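Q: For reference, this is model_38.cif, and it has mmCIF, C-alpha atoms (C1' of nucleotides).
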data_my_file
loop_
_atom_site.label_atom_id
_atom_site.label_comp_id
_atom_site.auth_asym_id
_atom_site.auth_seq_id
_atom_site.Cartn_x
_atom_site.Cartn_y
_atom_site.Cartn_z
CA MET A 205 10.32 21.76 4.34
CA ARG A 206 10.79 22.89 0.78
CA LEU A 207 7.75 24.02 -1.22
CA THR A 208 7.61 24.26 -4.99
CA ASP A 209 6.12 27.25 -6.78
CA ALA A 210 2.80 25.55 -7.32
CA GLU A 211 2.72 24.35 -3.74
CA TRP A 212 3.18 27.86 -2.45
CA GLN A 213 0.09 28.93 -4.31
CA VAL A 214 -1.95 26.22 -2.70
CA MET A 215 -0.52 26.79 0.75
CA ASN A 216 -1.17 30.50 0.51
CA CYS A 217 -4.85 29.76 -0.07
CA LEU A 218 -4.91 27.29 2.76
CA TRP A 219 -3.33 29.65 5.23
CA GLU A 220 -5.77 32.31 4.26
CA LYS A 221 -8.72 30.12 5.16
CA HIS A 222 -8.92 26.61 6.50
CA PRO A 223 -10.10 23.97 6.57
CA ALA A 224 -10.86 24.17 2.89
CA THR A 225 -11.97 21.89 0.11
CA ALA A 226 -10.09 21.53 -3.13
CA ARG A 227 -12.80 23.49 -4.83
CA GLY A 228 -12.64 26.18 -2.20
CA ILE A 229 -8.97 26.55 -2.88
CA ALA A 230 -9.60 26.72 -6.59
CA GLY A 231 -11.84 29.67 -5.85
CA ARG A 232 -9.22 31.53 -3.89
CA LEU A 233 -6.30 31.09 -6.24
CA PRO A 234 -5.15 34.28 -7.90
CA PRO A 235 -7.12 34.89 -11.09
CA GLU A 236 -4.18 34.30 -13.41
CA VAL A 237 -3.82 30.75 -12.07
CA LYS A 238 -6.23 28.59 -13.94
CA TRP A 239 -5.62 25.03 -12.93
CA ALA A 240 -7.83 22.06 -13.50
CA TYR A 241 -9.54 20.83 -10.38
CA THR A 242 -7.51 17.65 -10.59
CA THR A 243 -4.29 19.61 -10.65
CA ILE A 244 -5.11 21.15 -7.31
CA ARG A 245 -6.03 17.72 -6.08
CA THR A 246 -2.66 16.38 -7.12
CA LEU A 247 -0.84 19.21 -5.43
CA LEU A 248 -2.80 18.71 -2.25
CA ALA A 249 -2.02 15.02 -2.31
CA ARG A 250 1.66 15.79 -2.63
CA LEU A 251 1.48 18.26 0.22
CA VAL A 252 -0.27 15.70 2.39
CA GLU A 253 2.36 13.17 1.51
CA LYS A 254 5.18 15.46 2.54
CA GLY A 255 3.42 16.33 5.77
CA ALA A 256 2.67 19.97 5.08
CA VAL A 257 -1.08 19.48 5.05
CA ARG A 258 -3.55 17.23 6.84
CA GLU A 259 -6.55 15.77 5.08
CA TYR A 260 -9.72 14.49 6.67
CA LYS A 261 -13.16 13.54 5.48
CA GLU A 262 -16.46 15.14 6.11
CA GLY A 263 -18.95 12.80 4.50
CA ASN A 264 -17.15 11.80 1.37
CA THR A 265 -15.55 15.19 0.88
CA SER A 266 -11.95 15.87 1.75
CA LEU A 267 -11.10 18.85 3.86
CA TYR A 268 -7.57 20.17 4.07
CA GLU A 269 -5.75 22.03 6.76
CA PRO A 270 -2.18 23.27 6.95
CA ILE A 271 0.21 21.53 9.29
CA LEU A 272 3.23 23.52 8.22
CA SER A 273 2.80 27.05 9.48
CA ARG A 274 3.24 30.04 7.25
CA GLU A 275 5.81 31.27 9.70
CA ASN A 276 7.95 28.20 9.31
CA ALA A 277 7.53 27.99 5.59
CA ARG A 278 8.74 31.54 5.34
CA ARG A 279 11.62 30.97 7.66
CA SER A 280 12.69 27.99 5.68
CA ALA A 281 12.42 29.68 2.32
CA LEU A 282 14.31 32.68 3.54
CA LYS A 283 17.07 30.55 4.94
CA THR A 284 17.41 28.73 1.65
CA LEU A 285 17.64 32.00 -0.21
CA VAL A 286 20.13 33.48 2.19
CA ASN A 287 22.29 30.39 2.00
CA GLN A 288 22.32 30.17 -1.71
CA ALA A 289 22.40 33.79 -2.73
CA PHE A 290 23.65 35.81 0.23
CA ASP A 291 26.60 33.91 1.61
CA GLY A 292 24.47 32.44 4.36
CA ALA A 293 24.37 35.70 6.27
CA TYR A 294 21.58 38.16 6.82
CA GLY A 295 23.89 41.15 6.60
CA PRO A 296 24.32 40.97 2.84
CA LEU A 297 20.60 40.51 2.45
CA MET A 298 19.91 43.67 4.38
CA HIS A 299 22.54 45.42 2.39
CA PHE A 300 20.78 44.36 -0.69
CA LEU A 301 17.43 45.49 0.57
CA LEU A 302 19.10 48.80 1.21
CA SER A 303 19.97 49.20 -2.42
CA ASP A 304 16.34 49.05 -3.46
CA PRO A 305 15.65 52.34 -5.19
CA ALA A 306 12.10 52.32 -3.87
CA LEU A 307 13.15 53.03 -0.31
CA THR A 308 12.54 56.42 1.19
CA PRO A 309 15.62 58.17 2.52
CA ARG A 310 14.47 57.63 6.06
CA GLN A 311 13.98 53.94 5.50
CA ARG A 312 17.37 53.73 3.98
CA GLN A 313 18.90 55.38 6.95
CA ALA A 314 17.09 53.19 9.41
CA LEU A 315 18.16 50.08 7.58
CA GLU A 316 21.70 51.28 7.41
CA GLU A 317 21.75 51.51 11.14
CA ALA A 318 20.58 47.96 11.40
CA VAL A 319 23.16 46.69 8.97
CA LYS A 320 26.01 48.38 10.76
CA GLU A 321 25.28 46.33 13.82
CA GLN A 322 24.62 43.10 12.03
CA PRO A 323 26.55 40.29 13.72
CA GLU A 324 27.45 38.47 10.49
CA LYS A 325 25.31 35.53 11.49
CA ARG A 326 26.32 32.44 9.51
CA GLY A 327 23.47 30.30 8.27
CA GLY A 328 23.60 27.05 10.18
CA ASP A 329 21.88 24.87 7.64
CA SER A 330 20.84 22.15 9.97
CA ASN A 331 17.66 21.11 11.65
CA ASP A 332 14.72 23.18 10.56
CA ARG A 333 11.97 23.30 13.09
CA ASP A 334 9.30 23.28 10.46
CA THR A 335 6.25 21.77 12.01
CA GLN A 336 3.84 24.04 13.78
CA MET B 47 16.54 34.50 -14.78
CA ARG B 48 15.87 31.61 -12.47
CA LEU B 49 18.79 29.58 -11.09
CA THR B 50 18.51 26.13 -9.59
CA ASP B 51 20.28 25.16 -6.38
CA ALA B 52 23.15 23.54 -8.21
CA GLU B 53 23.45 26.49 -10.56
CA TRP B 54 23.76 28.88 -7.66
CA GLN B 55 26.75 26.94 -6.42
CA VAL B 56 28.46 27.23 -9.75
CA MET B 57 27.58 30.89 -10.20
CA ASN B 58 28.83 31.71 -6.75
CA CYS B 59 32.22 30.29 -7.69
CA LEU B 60 32.21 32.14 -10.96
CA TRP B 61 31.37 35.46 -9.40
CA GLU B 62 34.11 34.97 -6.88
CA LYS B 63 36.73 34.60 -9.59
CA HIS B 64 36.49 34.71 -13.34
CA PRO B 65 37.18 33.75 -15.98
CA ALA B 66 37.48 30.24 -14.65
CA THR B 67 37.85 26.74 -15.97
CA ALA B 68 35.52 23.94 -14.99
CA ARG B 69 38.30 22.48 -12.92
CA GLY B 70 38.94 25.79 -11.28
CA ILE B 71 35.34 25.93 -10.24
CA ALA B 72 35.54 22.41 -8.91
CA GLY B 73 38.31 23.64 -6.67
CA ARG B 74 36.32 26.52 -5.31
CA LEU B 75 33.10 24.70 -4.55
CA PRO B 76 32.33 24.36 -0.87
CA PRO B 77 33.96 21.24 0.54
CA GLU B 78 30.71 19.41 1.12
CA VAL B 79 29.90 19.61 -2.59
CA LYS B 80 31.66 16.73 -4.28
CA TRP B 81 30.58 16.68 -7.87
CA ALA B 82 32.14 14.83 -10.73
CA TYR B 83 33.97 17.06 -13.14
CA THR B 84 31.40 16.21 -15.78
CA THR B 85 28.60 17.33 -13.51
CA ILE B 86 30.09 20.78 -13.30
CA ARG B 87 30.53 20.71 -17.04
CA THR B 88 26.87 19.89 -17.51
CA LEU B 89 25.81 22.68 -15.21
CA LEU B 90 28.03 25.15 -17.00
CA ALA B 91 26.61 24.07 -20.33
CA ARG B 92 23.10 24.66 -19.04
CA LEU B 93 24.09 28.06 -17.74
CA VAL B 94 25.62 28.97 -21.07
CA GLU B 95 22.49 27.81 -22.81
CA LYS B 96 20.27 29.98 -20.68
CA GLY B 97 22.54 32.96 -21.18
CA ALA B 98 23.82 33.33 -17.64
CA VAL B 99 27.39 32.49 -18.55
CA ARG B 100 29.64 33.02 -21.55
CA GLU B 101 32.10 30.41 -22.70
CA TYR B 102 35.17 30.93 -24.81
CA LYS B 103 38.21 28.92 -25.73
CA GLU B 104 41.78 29.42 -24.87
CA GLY B 105 43.60 26.75 -26.80
CA ASN B 106 41.27 23.82 -26.44
CA THR B 107 40.26 24.71 -22.92
CA SER B 108 36.96 26.37 -22.14
CA LEU B 109 36.92 29.44 -19.97
CA TYR B 110 33.74 30.66 -18.37
CA GLU B 111 32.61 34.08 -17.31
CA PRO B 112 29.36 35.26 -15.80
CA ILE B 113 27.02 37.33 -17.91
CA LEU B 114 24.27 37.47 -15.32
CA SER B 115 25.46 39.69 -12.51
CA ARG B 116 25.27 38.62 -8.90
CA GLU B 117 23.27 41.74 -8.28
CA ASN B 118 20.61 40.77 -10.75
CA ALA B 119 20.52 37.15 -9.75
CA ARG B 120 19.92 38.26 -6.20
CA ARG B 121 17.28 40.74 -7.16
CA SER B 122 15.49 38.16 -9.15
CA ALA B 123 15.63 35.49 -6.46
CA LEU B 124 14.45 37.90 -3.85
CA LYS B 125 11.56 39.00 -5.98
CA THR B 126 10.50 35.43 -6.52
CA LEU B 127 10.62 34.76 -2.81
CA VAL B 128 8.73 37.89 -1.94
CA ASN B 129 6.07 37.12 -4.48
CA GLN B 130 5.54 33.60 -3.43
CA ALA B 131 5.96 33.80 0.29
CA PHE B 132 5.47 37.40 1.33
CA ASP B 133 2.41 38.61 -0.52
CA GLY B 134 4.56 40.33 -3.09
CA ALA B 135 5.47 43.13 -0.73
CA TYR B 136 8.68 43.95 1.02
CA GLY B 137 6.92 45.08 4.17
CA PRO B 138 6.01 41.59 5.35
CA LEU B 139 9.52 40.45 4.60
CA MET B 140 10.98 43.13 6.77
CA HIS B 141 8.48 42.30 9.41
CA PHE B 142 9.63 38.79 9.26
CA LEU B 143 13.26 39.75 9.48
CA LEU B 144 12.27 41.71 12.54
CA SER B 145 11.04 38.61 14.26
CA ASP B 146 14.42 36.97 14.03
CA PRO B 147 15.47 36.34 17.61
CA ALA B 148 19.10 36.95 16.70
CA LEU B 149 18.64 40.67 16.24
CA THR B 150 20.01 43.08 18.78
CA PRO B 151 17.48 45.42 20.32
CA ARG B 152 18.95 48.33 18.42
CA GLN B 153 18.71 46.53 15.13
CA ARG B 154 15.18 45.64 15.90
CA GLN B 155 14.34 49.22 16.56
CA ALA B 156 16.03 50.44 13.44
CA LEU B 157 14.21 47.91 11.34
CA GLU B 158 10.95 48.76 12.98
CA GLU B 159 11.40 52.32 11.88
CA ALA B 160 11.94 51.19 8.34
CA VAL B 161 8.91 48.99 8.33
CA LYS B 162 6.66 51.71 9.62
CA GLU B 163 7.40 53.77 6.57
CA GLN B 164 7.23 50.94 4.10
CA PRO B 165 5.05 51.95 1.14
CA GLU B 166 3.42 48.52 0.72
CA LYS B 167 5.10 48.09 -2.62
CA ARG B 168 3.31 45.40 -4.64
CA GLY B 169 5.51 43.03 -6.59
CA GLY B 170 5.11 43.97 -10.22
CA ASP B 171 6.07 40.62 -11.63
CA SER B 172 6.95 41.76 -15.05
CA ASN B 173 10.09 42.59 -16.91
CA ASP B 174 13.16 41.58 -15.01
CA ARG B 175 16.24 43.49 -16.00
CA ASP B 176 18.42 40.51 -15.55
CA THR B 177 21.29 40.88 -17.89
CA GLN B 178 24.26 42.88 -16.80
"C1'" DT C 253 -35.04 4.64 -10.62
"C1'" DG C 254 -32.53 7.00 -14.08
"C1'" DA C 255 -29.87 10.90 -15.27
"C1'" DC C 256 -26.84 14.56 -13.51
"C1'" DT C 257 -23.31 16.29 -10.94
"C1'" DC C 258 -19.58 16.09 -7.56
"C1'" DT C 259 -15.94 13.73 -5.56
"C1'" DT C 260 -12.34 10.60 -5.13
"C1'" DA C 261 -8.71 7.30 -6.61
"C1'" DC C 262 -5.50 6.27 -9.80
"C1'" DT C 263 -2.73 7.00 -13.68
"C1'" DA C 264 -0.14 9.72 -17.20
"C1'" DC C 265 3.26 12.31 -19.43
"C1'" DG C 266 6.42 15.94 -20.91
"C1'" DT C 267 10.05 18.94 -18.73
"C1'" DT C 268 13.51 20.24 -15.48
"C1'" DT C 269 16.98 19.06 -12.23
"C1'" DG C 270 20.64 16.48 -10.08
"C1'" DT C 271 24.17 13.72 -11.13
"C1'" DA C 272 26.92 11.37 -13.92
"C1'" DG C 273 29.30 8.08 -17.74
"C1'" DT C 274 31.76 7.23 -22.23
"C1'" DA C 275 34.13 7.98 -26.43
"C1'" DA C 276 36.96 10.67 -28.95
"C1'" DC C 277 40.35 14.32 -29.47
"C1'" DA C 278 44.53 17.20 -27.98
"C1'" DT C 279 48.93 17.71 -25.79
"C1'" DG C 280 53.16 17.06 -23.48
"C1'" DT C 281 56.89 13.72 -22.48
"C1'" DG C 282 60.15 10.04 -22.78
"C1'" DC D 16 56.14 8.02 -32.22
"C1'" DA D 17 53.44 5.89 -28.39
"C1'" DC D 18 51.31 6.63 -24.30
"C1'" DA D 19 49.39 9.03 -20.28
"C1'" DT D 20 46.60 12.64 -19.00
"C1'" DG D 21 43.43 16.22 -19.47
"C1'" DT D 22 39.50 18.16 -22.19
"C1'" DT D 23 35.41 18.27 -24.82
"C1'" DA D 24 31.09 16.49 -26.91
"C1'" DC D 25 27.42 13.72 -26.42
"C1'" DT D 26 24.36 10.78 -24.00
"C1'" DA D 27 21.87 8.85 -19.88
"C1'" DC D 28 18.72 8.30 -16.40
"C1'" DA D 29 16.08 8.60 -12.08
"C1'" DA D 30 13.49 11.88 -9.27
"C1'" DA D 31 10.82 15.96 -8.87
"C1'" DC D 32 7.50 19.16 -10.97
"C1'" DG D 33 3.73 21.09 -13.61
"C1'" DT D 34 -0.31 19.87 -15.37
"C1'" DA D 35 -3.86 17.05 -16.25
"C1'" DG D 36 -7.23 12.95 -17.76
"C1'" DT D 37 -10.37 8.92 -16.78
"C1'" DA D 38 -13.16 5.68 -14.30
"C1'" DA D 39 -15.96 4.71 -10.73
"C1'" DG D 40 -18.64 5.77 -6.47
"C1'" DA D 41 -22.12 8.96 -3.96
"C1'" DG D 42 -25.70 12.35 -3.47
"C1'" DT D 43 -29.65 14.64 -5.51
"C1'" DC D 44 -33.62 15.74 -8.03
"C1'" DA D 45 -37.41 14.86 -11.17
#
Give the structure from this file in structure tokens form.

A:
Amino acid sequence: MRLTDAEWQVMNCLWEKHPATARGIAGRLPPEVKWAYTTIRTLLARLVEKGAVREYKEGNTSLYEPILSRENARRSALKTLVNQAFDGAYGPLMHFLLSDPALTPRQRQALEEAVKEQPEKRGGDSNDRDTQ
Amino acid sequence: MRLTDAEWQVMNCLWEKHPATARGIAGRLPPEVKWAYTTIRTLLARLVEKGAVREYKEGNTSLYEPILSRENARRSALKTLVNQAFDGAYGPLMHFLLSDPALTPRQRQALEEAVKEQPEKRGGDSNDRDTQ
DNA sequence: TGACTCTTACTACGTTTGTAGTAACATGTG
DNA sequence: CACATGTTACTACAAACGTAGTAAGAGTCA
């Protein structure tokens, strides 16, 4: 399951608190995101259509709830990144993390340990378990 | 600098060996990618336009060379991912990596150490150093 | 009951992305 | 020189994305 930038914003709000109404989500979006109510509605509709979110009615109001778990969305996004930018292996990613200047020396050392043992795991691209 | 999926494929070939011709890149794409020559040409043109690649002529043939470094492309992609999927902090990402069932116990422990010390670094979204 | 105010359903539209096609120009070869 | 072959320049076009508008129904309050 691939989420677009805008969809991530909406899903993040939904994971944080659900079920939620479109307006509730509008209220929990980061302050710099100022979308029209209808924009959020469109995004939710698209998410429902792709099976990431379930919609049900309470009175005439729609409530939304995530189907795709945060866990799986993350796993999927990370796999995509690793495949496209890190040769499909987690080792290079860790290596890269290592090079972050913001790490403390101890962190660096700990990570180094981990990388040394990394079993060069190739990213099998195949069947994402992405529901639940 | 944001790269699309297709652009990553091309850039990966370019980083591997450059300068390169469009046809050379075609030859180094992974076997499952079967693009028309003109498709690669279009992608290269878009990359040139966005400043990720430089093009120059040798005779009447175009040679291409990356301007955007792999390093920076990775950094940028990782930052985007972290911002959208991991609350803008590297800690949750490491946590997530930790949960990968493919880790050896020692790796897990080493990573755990690193995470414990993680300074909850918030993703300042701002000025990407993305050239060179 | 009429006027507001929400909510939904449907539609819209410019941009980006994936994926190419075609026409014209250059170059080497018989 | 005439032709085959490779190269470039330009154009195309459907799907996905970001971002929204409008019309019509439903609840609510004076």

Q: Quick check: residues of chain D within 9 Å of chain A, only C-alpha atoms (C1' of nucleotides), returned as a compact mmCIF listing (two decimals) with C-alpha atoms (C1' of nucleotides), in the frame of the given file.

A:
# COMPACT_ATOMS: atom_id res chain seq x y z
C1' DC D 32 7.50 19.16 -10.97
C1' DG D 33 3.73 21.09 -13.61
C1' DT D 34 -0.31 19.87 -15.37
C1' DA D 35 -3.86 17.05 -16.25
C1' DG D 36 -7.23 12.95 -17.76
C1' DA D 41 -22.12 8.96 -3.96

Q: Find the residues near DT37 (chain D): any atom within 12 Å, counting only C-alpha atoms (C1' of nucleotides), skip ones fewer than 3 places away on the same chain, and give them as an MDAnalysis selection string.

A: (chainID A and resid 242) or (chainID C and resid 260:264)

Q: Evaluate the PyMOL selection byres ((chain C) within 8 of (chain B)) and record the selected residues as a list in words, following the chain and residue labels used in the document.

A: DT269, DG270, DT271, DA272 and DA278 of chain C

Q: Kindly extract all protein, DNA and RNA residues lying within 7 Å of the coordinates (-8.8, 14.9, -3.0) given in the file, considering all atoms listed in the file, and supply them as a list in words.

A: Ala226, Arg245, Ala249 and Ser266 of chain A; DT260 of chain C

Q: Compute the chain A side of the contact with chain B at 9 Å, counting all atoms listed in the file, and hand it back as a PyMOL selection string.

A: chain A and resi 209+212-213+216+274-275+277-279+281-282+285+288-291+294+297+300-301+306-308+310-323+325
